[in-house]
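The data block below is coords.cif; it holds mmCIF, C-alpha atoms.
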```cif
data_entry
loop_
_atom_site.group_PDB
_atom_site.id
_atom_site.type_symbol
_atom_site.label_atom_id
_atom_site.label_comp_id
_atom_site.auth_asym_id
_atom_site.auth_seq_id
_atom_site.Cartn_x
_atom_site.Cartn_y
_atom_site.Cartn_z
ATOM 1 C CA MET R 173 6.409 10.819 -33.527
ATOM 2 C CA SER R 174 5.796 14.300 -32.297
ATOM 3 C CA ALA R 175 6.211 15.167 -28.654
ATOM 4 C CA ARG R 176 9.171 12.846 -28.362
ATOM 5 C CA GLU R 177 12.404 13.734 -26.752
ATOM 6 C CA VAL R 178 15.721 12.001 -26.435
ATOM 7 C CA ILE R 179 16.554 11.928 -22.756
ATOM 8 C CA GLY R 180 19.569 9.702 -22.559
ATOM 9 C CA ALA R 181 22.097 7.712 -24.502
ATOM 10 C CA GLY R 182 24.401 6.322 -21.865
ATOM 11 C CA SER R 183 26.063 2.928 -21.597
ATOM 12 C CA GLY R 184 25.056 1.897 -25.076
ATOM 13 C CA LEU R 185 21.393 2.455 -24.374
ATOM 14 C CA ALA R 186 19.535 4.869 -26.571
ATOM 15 C CA VAL R 187 16.415 5.946 -24.799
ATOM 16 C CA VAL R 188 13.608 7.825 -26.416
ATOM 17 C CA VAL R 189 10.753 8.882 -24.279
ATOM 18 C CA GLY R 190 7.603 10.749 -25.005
ATOM 19 C CA ALA R 191 3.886 10.906 -24.714
ATOM 20 C CA LEU R 192 2.195 7.905 -26.241
ATOM 21 C CA VAL R 193 1.405 8.612 -29.865
ATOM 22 C CA ALA R 194 -0.260 6.677 -32.622
ATOM 23 C CA SER R 195 2.013 4.124 -34.246
ATOM 24 C CA ALA R 196 1.628 1.684 -37.113
ATOM 25 C CA ALA R 197 3.128 -1.226 -35.174
ATOM 26 C CA PRO R 198 1.595 -2.437 -31.921
ATOM 27 C CA ILE R 199 3.546 -1.191 -28.933
ATOM 28 C CA PRO R 200 4.190 -3.618 -26.070
ATOM 29 C CA ALA R 201 2.330 -2.226 -23.106
ATOM 30 C CA VAL R 202 2.914 -2.276 -19.372
ATOM 31 C CA ASP R 203 0.002 -1.202 -17.209
ATOM 32 C CA ILE R 204 0.685 0.315 -13.819
ATOM 33 C CA GLN R 205 -2.279 -0.833 -11.793
ATOM 34 C CA LEU R 206 -2.893 -1.535 -8.124
ATOM 35 C CA PHE R 207 0.712 -0.503 -7.421
ATOM 36 C CA GLN R 208 2.124 -3.148 -9.752
ATOM 37 C CA PHE R 209 3.800 -3.165 -13.144
ATOM 38 C CA GLN R 210 1.722 -5.563 -15.190
ATOM 39 C CA PRO R 211 3.320 -7.573 -16.649
ATOM 40 C CA GLY R 212 6.270 -7.349 -14.325
ATOM 41 C CA ALA R 213 8.696 -8.767 -16.883
ATOM 42 C CA VAL R 214 8.673 -8.040 -20.597
ATOM 43 C CA GLU R 215 10.895 -9.577 -23.276
ATOM 44 C CA VAL R 216 11.370 -7.741 -26.579
ATOM 45 C CA LYS R 217 13.767 -7.404 -29.465
ATOM 46 C CA ALA R 218 16.194 -4.495 -29.719
ATOM 47 C CA GLY R 219 14.613 -1.435 -31.250
ATOM 48 C CA THR R 220 11.264 -2.028 -29.605
ATOM 49 C CA THR R 221 9.303 0.779 -28.027
ATOM 50 C CA ILE R 222 7.429 -0.036 -24.831
ATOM 51 C CA ALA R 223 4.568 2.003 -23.398
ATOM 52 C CA TRP R 224 3.709 2.397 -19.734
ATOM 53 C CA THR R 225 0.244 3.587 -18.745
ATOM 54 C CA ASN R 226 -0.665 4.598 -15.225
ATOM 55 C CA ARG R 227 -4.086 3.242 -14.190
ATOM 56 C CA ASP R 228 -3.780 4.339 -10.558
ATOM 57 C CA ASP R 229 -4.928 7.682 -9.178
ATOM 58 C CA ILE R 230 -1.463 8.547 -7.872
ATOM 59 C CA GLU R 231 1.903 9.402 -9.392
ATOM 60 C CA HIS R 232 4.153 6.511 -10.293
ATOM 61 C CA THR R 233 7.552 6.539 -11.961
ATOM 62 C CA VAL R 234 9.452 4.189 -14.225
ATOM 63 C CA THR R 235 12.975 4.661 -12.928
ATOM 64 C CA SER R 236 15.936 2.605 -14.139
ATOM 65 C CA GLY R 237 17.849 0.378 -11.755
ATOM 66 C CA ASP R 238 16.672 -0.353 -8.254
ATOM 67 C CA PRO R 239 16.296 1.877 -5.187
ATOM 68 C CA GLU R 240 19.741 0.924 -3.930
ATOM 69 C CA HIS R 241 21.434 1.312 -7.329
ATOM 70 C CA ARG R 242 19.918 3.791 -9.736
ATOM 71 C CA THR R 243 21.396 3.538 -13.202
ATOM 72 C CA GLY R 244 20.165 6.929 -14.410
ATOM 73 C CA ARG R 245 19.215 5.594 -17.830
ATOM 74 C CA PHE R 246 15.568 6.607 -17.701
ATOM 75 C CA ASP R 247 13.149 8.152 -15.263
ATOM 76 C CA LEU R 248 9.596 8.540 -16.504
ATOM 77 C CA ARG R 249 7.043 10.336 -14.362
ATOM 78 C CA LEU R 250 3.412 9.412 -14.837
ATOM 79 C CA PRO R 251 1.566 11.889 -12.646
ATOM 80 C CA GLY R 252 -1.887 10.387 -12.643
ATOM 81 C CA ARG R 253 -4.437 7.984 -14.006
ATOM 82 C CA GLY R 254 -4.442 7.727 -17.772
ATOM 83 C CA THR R 255 -0.975 9.152 -18.388
ATOM 84 C CA SER R 256 1.284 7.194 -20.740
ATOM 85 C CA MET R 257 4.927 7.374 -21.712
ATOM 86 C CA THR R 258 7.176 5.305 -23.959
ATOM 87 C CA ILE R 259 10.786 4.213 -24.063
ATOM 88 C CA SER R 260 12.613 2.721 -27.046
ATOM 89 C CA PHE R 261 15.258 0.141 -26.240
ATOM 90 C CA SER R 262 17.914 -0.075 -28.919
ATOM 91 C CA GLU R 263 20.564 -2.105 -27.115
ATOM 92 C CA PRO R 264 20.218 -5.719 -25.891
ATOM 93 C CA GLY R 265 20.383 -6.250 -22.175
ATOM 94 C CA VAL R 266 18.329 -6.619 -19.037
ATOM 95 C CA TYR R 267 16.908 -3.382 -17.690
ATOM 96 C CA HIS R 268 15.558 -3.386 -14.170
ATOM 97 C CA TYR R 269 13.340 -0.557 -13.039
ATOM 98 C CA PHE R 270 11.209 0.526 -10.101
ATOM 99 C CA CYS R 271 8.823 3.234 -8.939
ATOM 100 C CA ASP R 272 10.642 6.002 -7.128
ATOM 101 C CA ARG R 273 7.569 6.855 -5.018
ATOM 102 C CA HIS R 274 6.829 3.238 -4.161
ATOM 103 C CA PRO R 275 10.159 1.392 -4.129
ATOM 104 C CA SER R 276 8.592 -2.028 -3.671
ATOM 105 C CA MET R 277 7.221 -1.767 -7.212
ATOM 106 C CA ARG R 278 9.727 -3.467 -9.523
ATOM 107 C CA GLY R 279 9.826 -4.402 -13.187
ATOM 108 C CA GLU R 280 12.202 -5.798 -15.767
ATOM 109 C CA ILE R 281 12.701 -5.387 -19.503
ATOM 110 C CA ARG R 282 14.751 -8.050 -21.266
ATOM 111 C CA VAL R 283 15.948 -6.815 -24.670
ATOM 112 C CA ASN R 284 17.191 -9.494 -27.036
ATOM 113 C CA PRO R 285 19.297 -8.851 -30.144
ATOM 114 C CA SER R 286 17.214 -8.112 -33.187
ATOM 115 C CA GLU R 287 17.374 -10.616 -36.025
ATOM 116 C CA PRO R 288 19.950 -9.785 -38.736
ATOM 117 C CA MET C 280 -9.788 -20.756 -0.671
ATOM 118 C CA ALA C 281 -7.285 -18.673 1.229
ATOM 119 C CA SER C 282 -9.960 -16.093 1.835
ATOM 120 C CA VAL C 283 -12.144 -18.569 3.667
ATOM 121 C CA VAL C 284 -9.272 -19.603 5.903
ATOM 122 C CA VAL C 285 -8.188 -16.076 6.722
ATOM 123 C CA LEU C 286 -11.600 -14.595 7.272
ATOM 124 C CA THR C 287 -13.036 -17.563 9.091
ATOM 125 C CA GLY C 288 -10.062 -17.438 11.395
ATOM 126 C CA CYS C 289 -10.752 -13.803 12.122
ATOM 127 C CA THR C 290 -14.409 -14.479 12.795
ATOM 128 C CA GLN C 291 -13.487 -17.122 15.297
ATOM 129 C CA SER C 292 -11.277 -14.607 17.027
ATOM 130 C CA MET C 293 -14.165 -12.195 17.129
ATOM 131 C CA ALA C 294 -16.407 -14.856 18.615
ATOM 132 C CA GLN C 295 -14.018 -15.088 21.527
ATOM 133 C CA ALA C 296 -14.493 -11.400 22.286
ATOM 134 C CA PRO C 297 -18.225 -10.766 21.933
ATOM 135 C CA GLY C 298 -18.222 -7.776 24.230
ATOM 136 C CA HIS C 299 -15.957 -5.646 22.065
ATOM 137 C CA GLY C 300 -18.050 -2.506 21.633
ATOM 138 C CA ALA C 301 -15.997 -1.129 18.771
ATOM 139 C CA MET C 302 -17.057 -4.030 16.607
ATOM 140 C CA ALA C 303 -20.808 -3.506 16.989
ATOM 141 C CA SER C 304 -22.419 -3.523 13.585
ATOM 142 C CA PRO C 305 -24.908 -0.733 12.931
ATOM 143 C CA THR C 306 -26.900 -2.857 10.537
ATOM 144 C CA ALA C 307 -28.690 -6.112 11.062
ATOM 145 C CA MET C 308 -26.624 -8.870 9.567
ATOM 146 C CA THR C 309 -26.704 -12.606 9.984
ATOM 147 C CA SER C 310 -23.460 -13.552 11.676
ATOM 148 C CA GLY C 311 -22.874 -16.614 9.558
ATOM 149 C CA THR C 312 -22.927 -14.967 6.156
ATOM 150 C CA LYS C 313 -19.781 -14.412 4.152
ATOM 151 C CA ALA C 314 -20.440 -10.682 4.236
ATOM 152 C CA ALA C 315 -20.661 -10.700 8.022
ATOM 153 C CA GLN C 316 -17.524 -12.800 8.291
ATOM 154 C CA LEU C 317 -15.713 -10.362 6.047
ATOM 155 C CA ARG C 318 -16.785 -7.353 8.087
ATOM 156 C CA ALA C 319 -15.951 -9.008 11.410
ATOM 157 C CA GLY C 320 -12.641 -10.286 10.108
ATOM 158 C CA LEU C 321 -11.518 -6.895 8.816
ATOM 159 C CA ASN C 322 -12.642 -5.157 12.000
ATOM 160 C CA ASN C 323 -10.672 -7.631 14.046
ATOM 161 C CA LEU C 324 -7.527 -7.230 11.981
ATOM 162 C CA PHE C 325 -7.593 -3.424 11.927
ATOM 163 C CA SER C 326 -8.407 -3.152 15.625
ATOM 164 C CA GLU C 327 -5.594 -5.569 16.418
ATOM 165 C CA HIS C 328 -3.289 -3.411 14.317
ATOM 166 C CA VAL C 329 -3.896 -0.425 16.577
ATOM 167 C CA TYR C 330 -3.532 -2.301 19.849
ATOM 168 C CA LEU C 331 -0.293 -3.933 18.725
ATOM 169 C CA ALA C 332 1.038 -0.631 17.392
ATOM 170 C CA GLY C 333 0.227 0.960 20.735
ATOM 171 C CA ALA C 334 1.989 -1.840 22.562
ATOM 172 C CA ALA C 335 5.059 -1.439 20.364
ATOM 173 C CA THR C 336 5.272 2.348 20.738
ATOM 174 C CA ASN C 337 4.714 2.120 24.497
ATOM 175 C CA ALA C 338 7.546 -0.380 24.843
ATOM 176 C CA ALA C 339 9.782 1.704 22.599
ATOM 177 C CA LEU C 340 9.140 4.893 24.570
ATOM 178 C CA GLY C 341 9.760 2.994 27.802
ATOM 179 C CA GLY C 342 13.066 1.693 26.519
ATOM 180 C CA ARG C 343 11.980 -1.936 26.894
ATOM 181 C CA GLU C 344 13.788 -3.412 23.919
ATOM 182 C CA ALA C 345 12.788 -7.062 24.262
ATOM 183 C CA GLU C 346 9.140 -6.125 24.681
ATOM 184 C CA PHE C 347 9.353 -3.743 21.718
ATOM 185 C CA LYS C 348 10.794 -6.470 19.485
ATOM 186 C CA ALA C 349 8.064 -8.887 20.520
ATOM 187 C CA ALA C 350 5.334 -6.309 19.921
ATOM 188 C CA ALA C 351 6.844 -5.277 16.591
ATOM 189 C CA GLY C 352 6.950 -8.923 15.545
ATOM 190 C CA ALA C 353 3.307 -9.398 16.436
ATOM 191 C CA LEU C 354 2.440 -6.158 14.652
ATOM 192 C CA ASP C 355 4.150 -7.396 11.519
ATOM 193 C CA ALA C 356 2.311 -10.701 11.726
ATOM 194 C CA ASN C 357 -0.887 -8.659 11.811
ATOM 195 C CA SER C 358 0.332 -6.740 8.731
ATOM 196 C CA VAL C 359 0.881 -10.011 6.901
ATOM 197 C CA ALA C 360 -2.600 -11.181 7.901
ATOM 198 C CA ILE C 361 -4.150 -7.959 6.599
ATOM 199 C CA SER C 362 -2.297 -8.305 3.317
ATOM 200 C CA LYS C 363 -3.469 -11.903 3.019
ATOM 201 C CA ALA C 364 -7.043 -10.750 3.563
ATOM 202 C CA ILE C 365 -6.549 -8.222 0.753
ATOM 203 C CA GLY C 366 -4.979 -10.936 -1.385
ATOM 204 C CA SER C 367 -7.858 -13.298 -0.725
ATOM 205 C CA VAL C 368 -10.123 -10.781 -2.438
ATOM 206 C CA TYR C 369 -7.873 -9.179 -5.055
ATOM 207 C CA GLY C 370 -5.262 -11.829 -5.754
ATOM 208 C CA GLU C 371 -1.657 -12.611 -4.987
ATOM 209 C CA GLY C 372 -0.291 -9.625 -6.891
ATOM 210 C CA ALA C 373 -2.400 -7.239 -4.843
ATOM 211 C CA GLU C 374 -1.325 -8.997 -1.659
ATOM 212 C CA LYS C 375 2.338 -8.574 -2.549
ATOM 213 C CA ALA C 376 1.805 -4.939 -3.479
ATOM 214 C CA PHE C 377 -0.245 -4.162 -0.380
ATOM 215 C CA LEU C 378 2.128 -5.535 2.245
ATOM 216 C CA PRO C 379 5.056 -3.152 1.643
ATOM 217 C CA LEU C 380 2.638 -0.269 1.253
ATOM 218 C CA TRP C 381 1.046 -1.078 4.620
ATOM 219 C CA ARG C 382 4.399 -1.660 6.292
ATOM 220 C CA ARG C 383 5.506 1.733 5.036
ATOM 221 C CA HIS C 384 3.101 3.626 7.288
ATOM 222 C CA ILE C 385 4.262 1.574 10.257
ATOM 223 C CA GLY C 386 7.790 2.690 9.464
ATOM 224 C CA PHE C 387 6.652 6.308 9.524
ATOM 225 C CA VAL C 388 4.955 5.721 12.885
ATOM 226 C CA VAL C 389 8.233 4.310 14.181
ATOM 227 C CA ASP C 390 9.990 7.425 12.849
ATOM 228 C CA TYR C 391 7.515 9.617 14.717
ATOM 229 C CA THR C 392 7.992 7.611 17.910
ATOM 230 C CA VAL C 393 11.763 7.915 17.640
ATOM 231 C CA GLY C 394 11.324 11.653 17.095
ATOM 232 C CA VAL C 395 9.196 11.908 20.228
ATOM 233 C CA ALA C 396 11.588 9.780 22.271
ATOM 234 C CA SER C 397 14.568 11.887 21.198
ATOM 235 C CA ASN C 398 12.627 15.161 21.439
ATOM 236 C CA ASP C 399 13.500 15.809 17.804
ATOM 237 C CA LYS C 400 10.762 18.096 16.488
ATOM 238 C CA GLY C 401 12.130 18.008 12.948
ATOM 239 C CA LYS C 402 11.959 14.227 12.853
ATOM 240 C CA GLN C 403 8.443 14.305 14.255
ATOM 241 C CA ASP C 404 7.303 16.825 11.637
ATOM 242 C CA LYS C 405 8.857 14.844 8.798
ATOM 243 C CA ALA C 406 7.179 11.661 9.989
ATOM 244 C CA VAL C 407 3.797 13.405 10.196
ATOM 245 C CA GLY C 408 4.317 14.779 6.679
ATOM 246 C CA ASP C 409 5.239 11.322 5.395
ATOM 247 C CA LEU C 410 2.152 9.861 7.043
ATOM 248 C CA VAL C 411 -0.114 12.510 5.531
ATOM 249 C CA ASN C 412 1.376 11.844 2.083
ATOM 250 C CA TYR C 413 0.957 8.144 2.703
ATOM 251 C CA THR C 414 -2.795 8.552 3.121
ATOM 252 C CA GLN C 415 -2.958 9.495 -0.568
ATOM 253 C CA ASP C 416 -1.100 6.321 -1.539
ATOM 254 C CA PHE C 417 -3.356 4.168 0.577
ATOM 255 C CA GLY C 418 -6.436 5.868 -0.840
ATOM 256 C CA ALA C 419 -5.146 5.343 -4.365
ATOM 257 C CA PHE C 420 -4.509 1.672 -3.724
ATOM 258 C CA LEU C 421 -7.962 0.911 -2.392
ATOM 259 C CA SER C 422 -9.726 3.042 -4.990
ATOM 260 C CA ALA C 423 -7.812 1.194 -7.710
ATOM 261 C CA ALA C 424 -8.866 -2.105 -6.195
ATOM 262 C CA ASN C 425 -12.469 -1.120 -5.647
ATOM 263 C CA PRO C 426 -14.348 1.615 -7.519
ATOM 264 C CA ASN C 427 -16.764 1.874 -4.580
ATOM 265 C CA LEU C 428 -13.993 3.380 -2.451
ATOM 266 C CA PRO C 429 -13.227 6.981 -3.483
ATOM 267 C CA LYS C 430 -9.581 7.862 -2.977
ATOM 268 C CA SER C 431 -10.283 11.056 -1.046
ATOM 269 C CA VAL C 432 -12.664 9.345 1.358
ATOM 270 C CA VAL C 433 -10.216 6.544 2.123
ATOM 271 C CA ALA C 434 -7.366 9.035 2.495
ATOM 272 C CA ASP C 435 -9.376 11.059 5.014
ATOM 273 C CA LEU C 436 -10.212 7.961 7.024
ATOM 274 C CA VAL C 437 -6.590 6.866 7.113
ATOM 275 C CA LYS C 438 -5.549 10.389 8.046
ATOM 276 C CA HIS C 439 -7.825 10.104 11.068
ATOM 277 C CA HIS C 440 -6.165 6.787 11.904
ATOM 278 C CA VAL C 441 -2.809 8.552 11.830
ATOM 279 C CA VAL C 442 -4.080 11.367 14.048
ATOM 280 C CA THR C 443 -5.616 9.020 16.620
ATOM 281 C CA LEU C 444 -2.464 6.910 16.760
ATOM 282 C CA LYS C 445 -0.367 10.057 17.154
ATOM 283 C CA ASP C 446 -2.555 10.953 20.154
ATOM 284 C CA VAL C 447 -1.714 7.570 21.665
ATOM 285 C CA ILE C 448 2.022 8.046 21.208
ATOM 286 C CA ASP C 449 1.946 11.600 22.559
ATOM 287 C CA ALA C 450 0.036 10.444 25.644
ATOM 288 C CA GLN C 451 2.425 7.539 26.164
ATOM 289 C CA ALA C 452 5.378 9.904 25.885
ATOM 290 C CA SER C 453 3.867 12.241 28.466
ATOM 291 C CA LYS C 454 3.612 9.279 30.846
ATOM 292 C CA ASP C 455 -0.119 9.707 31.297
ATOM 293 C CA PRO C 456 -1.482 6.134 31.273
ATOM 294 C CA GLY C 457 -5.092 7.203 31.664
ATOM 295 C CA ARG C 458 -4.958 9.457 28.621
ATOM 296 C CA ALA C 459 -2.883 6.916 26.703
ATOM 297 C CA TYR C 460 -5.347 4.064 27.171
ATOM 298 C CA THR C 461 -8.339 6.287 26.455
ATOM 299 C CA ALA C 462 -6.632 7.395 23.252
ATOM 300 C CA LEU C 463 -5.722 3.811 22.416
ATOM 301 C CA ARG C 464 -9.317 2.670 22.785
ATOM 302 C CA SER C 465 -10.483 5.592 20.664
ATOM 303 C CA ALA C 466 -7.886 4.822 17.983
ATOM 304 C CA ALA C 467 -8.878 1.169 17.877
ATOM 305 C CA GLY C 468 -12.558 2.064 17.727
ATOM 306 C CA HIS C 469 -11.921 4.390 14.812
ATOM 307 C CA MET C 470 -10.708 1.488 12.717
ATOM 308 C CA GLN C 471 -14.311 0.396 12.336
ATOM 309 C CA MET C 472 -14.676 3.518 10.178
ATOM 310 C CA ILE C 473 -12.190 1.930 7.790
ATOM 311 C CA ALA C 474 -13.092 -1.728 8.143
ATOM 312 C CA ASP C 475 -16.850 -1.330 7.684
ATOM 313 C CA PRO C 476 -16.748 0.719 4.463
ATOM 314 C CA LEU C 477 -14.043 -1.553 3.095
ATOM 315 C CA ALA C 478 -16.126 -4.651 3.836
ATOM 316 C CA GLU C 479 -19.254 -3.064 2.393
ATOM 317 C CA ALA C 480 -17.431 -1.974 -0.750
ATOM 318 C CA ILE C 481 -16.022 -5.473 -1.262
ATOM 319 C CA VAL C 482 -19.456 -7.029 -0.808
ATOM 320 C CA LYS C 483 -20.867 -4.564 -3.328
ATOM 321 C CA GLN C 484 -18.056 -5.388 -5.745
ATOM 322 C CA PHE C 485 -18.330 -9.157 -5.347
ATOM 323 C CA PRO C 486 -21.907 -9.887 -4.227
ATOM 324 C CA ASP C 487 -21.723 -13.525 -5.291
ATOM 325 C CA LYS C 488 -18.510 -14.196 -3.366
ATOM 326 C CA PHE C 489 -19.656 -12.433 -0.218
ATOM 327 C CA ALA C 490 -23.365 -13.096 -0.086
ATOM 328 C CA GLY C 491 -25.279 -11.905 2.915
#
```

Give the structure from this file in structure tokens form.
Amino acid sequence: MSAREVIGAGSGLAVVVGALVASAAPIPAVDIQLFQFQPGAVEVKAGTTIAWTNRDDIEHTVTSGDPEHRTGRFDLRLPGRGTSMTISFSEPGVYHYFCDRHPSMRGEIRVNPSEP
Amino acid sequence: MASVVVLTGCTQSMAQAPGHGAMASPTAMTSGTKAAQLRAGLNNLFSEHVYLAGAATNAALGGREAEFKAAAGALDANSVAISKAIGSVYGEGAEKAFLPLWRRHIGFVVDYTVGVASNDKGKQDKAVGDLVNYTQDFGAFLSAANPNLPKSVVADLVKHHVVTLKDVIDAQASKDPGRAYTALRSAAGHMQMIADPLAEAIVKQFPDKFAG
């Protein structure tokens, strides 16, 4: 898990972000393509790491909250085609996000409690 | 099916205006083919975009609020039609993504017009900068949709659209109707430089869907 960096741990959310690296377990993936987060909604268990990959030839961001109410929990910048970043979600909840450059682009991560 | 409705509708509109020089196709093409309908439909929509934008900015600069609202409403209906045409080729997701992106540049044009009307050079410059940046977004969108459309080429074409529309607004603001309408006709004619390559790239991408 080299090249990873803890960028935030606010409001019960531990966020780990970094360049996409090889992992034993499959990582749920969100493609950013044609100015859309695909899939737009993802449901995972707590502790899951999700990867975003930019397929467009323009910078996109994965910014927490919505344009009118930024939560400041995460703000990934994917500067061009082929760039990938990950976030680990440790706390259950619903996390809305958008692209700061293209505010009409919206996505949602629903994190369910992990099984005991 | 939506594509047939949208593009056939546009072709019928074109048929009602056969003398429109800006729509002349440089290549021989049977008018009834899907490819020809696509090209004519896109040309019609993009040309309409410029004329309605010009009507809206002229009303805004003249302080005619009711006319501006009507023109802006018609311009937005044109935006929706363009996004539906995109959606008819690339799907509902692309349509939903395209519409706010397209509307965004209209917002910047409004910003520029307000800057001109209020003689606010800073606002004008910011709007021009936003529009230039926007050309990269638009280029990225179309190149992502269609590998036959290089981002830089599309961005340059849209930049020219921005420049020609700026000429229209500047002429309207200077209260020179002759220059304004010449610029408007030029700006509308330029849209063929966007519509034709877009239509050709779509036909190349989906030859079975748009035979001809």

field: Residues of chain C within 6 Å of chain R, all atoms listed in the file counted, as a PyMOL selection string
entry: chain C and resi 419-420+423

query: Smallest atom-to-atom distance to C:Ile385: which of C:Val411, C:Ala351, C:Ala345, C:Ala319, using only C-alpha atoms?
result: C:Ala351

field: Spatial neighbours of C:Ala434, 9 Å, all atoms listed in the file, chain gap at least 4 places, as a list in words
entry: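 Residues meeting the cut-off are Val411, Tyr413, Thr414, Gln415, Asp416, Phe417, Gly418, Ala419, Pro429, Lys430, Lys438 and His439 of chain C.
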
message: Please report the interatomic distance between atom CA of R:Thr220 and atom CA of R:Phe261 in Å with one decimal.
response: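 Between these atoms lies a distance of 5.7 Å.
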
query: What's the 9 Å shell around C:Ala450, counting all atoms listed in the file, without same-chain residues fewer than 5 positions away, as an MDAnalysis selection string?
result: chainID C and resid 445 455:460 462

task: Find the residues around C:Asn427 up to 10 Å (all atoms listed in the file counted), leave out those fewer than 6 positions away in its own chain, and share them as a list in words.
output: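 My reading of the contact set: Leu421, Pro476, Leu477, Glu479, Ala480, Ile481, Lys483 and Gln484 of chain C.
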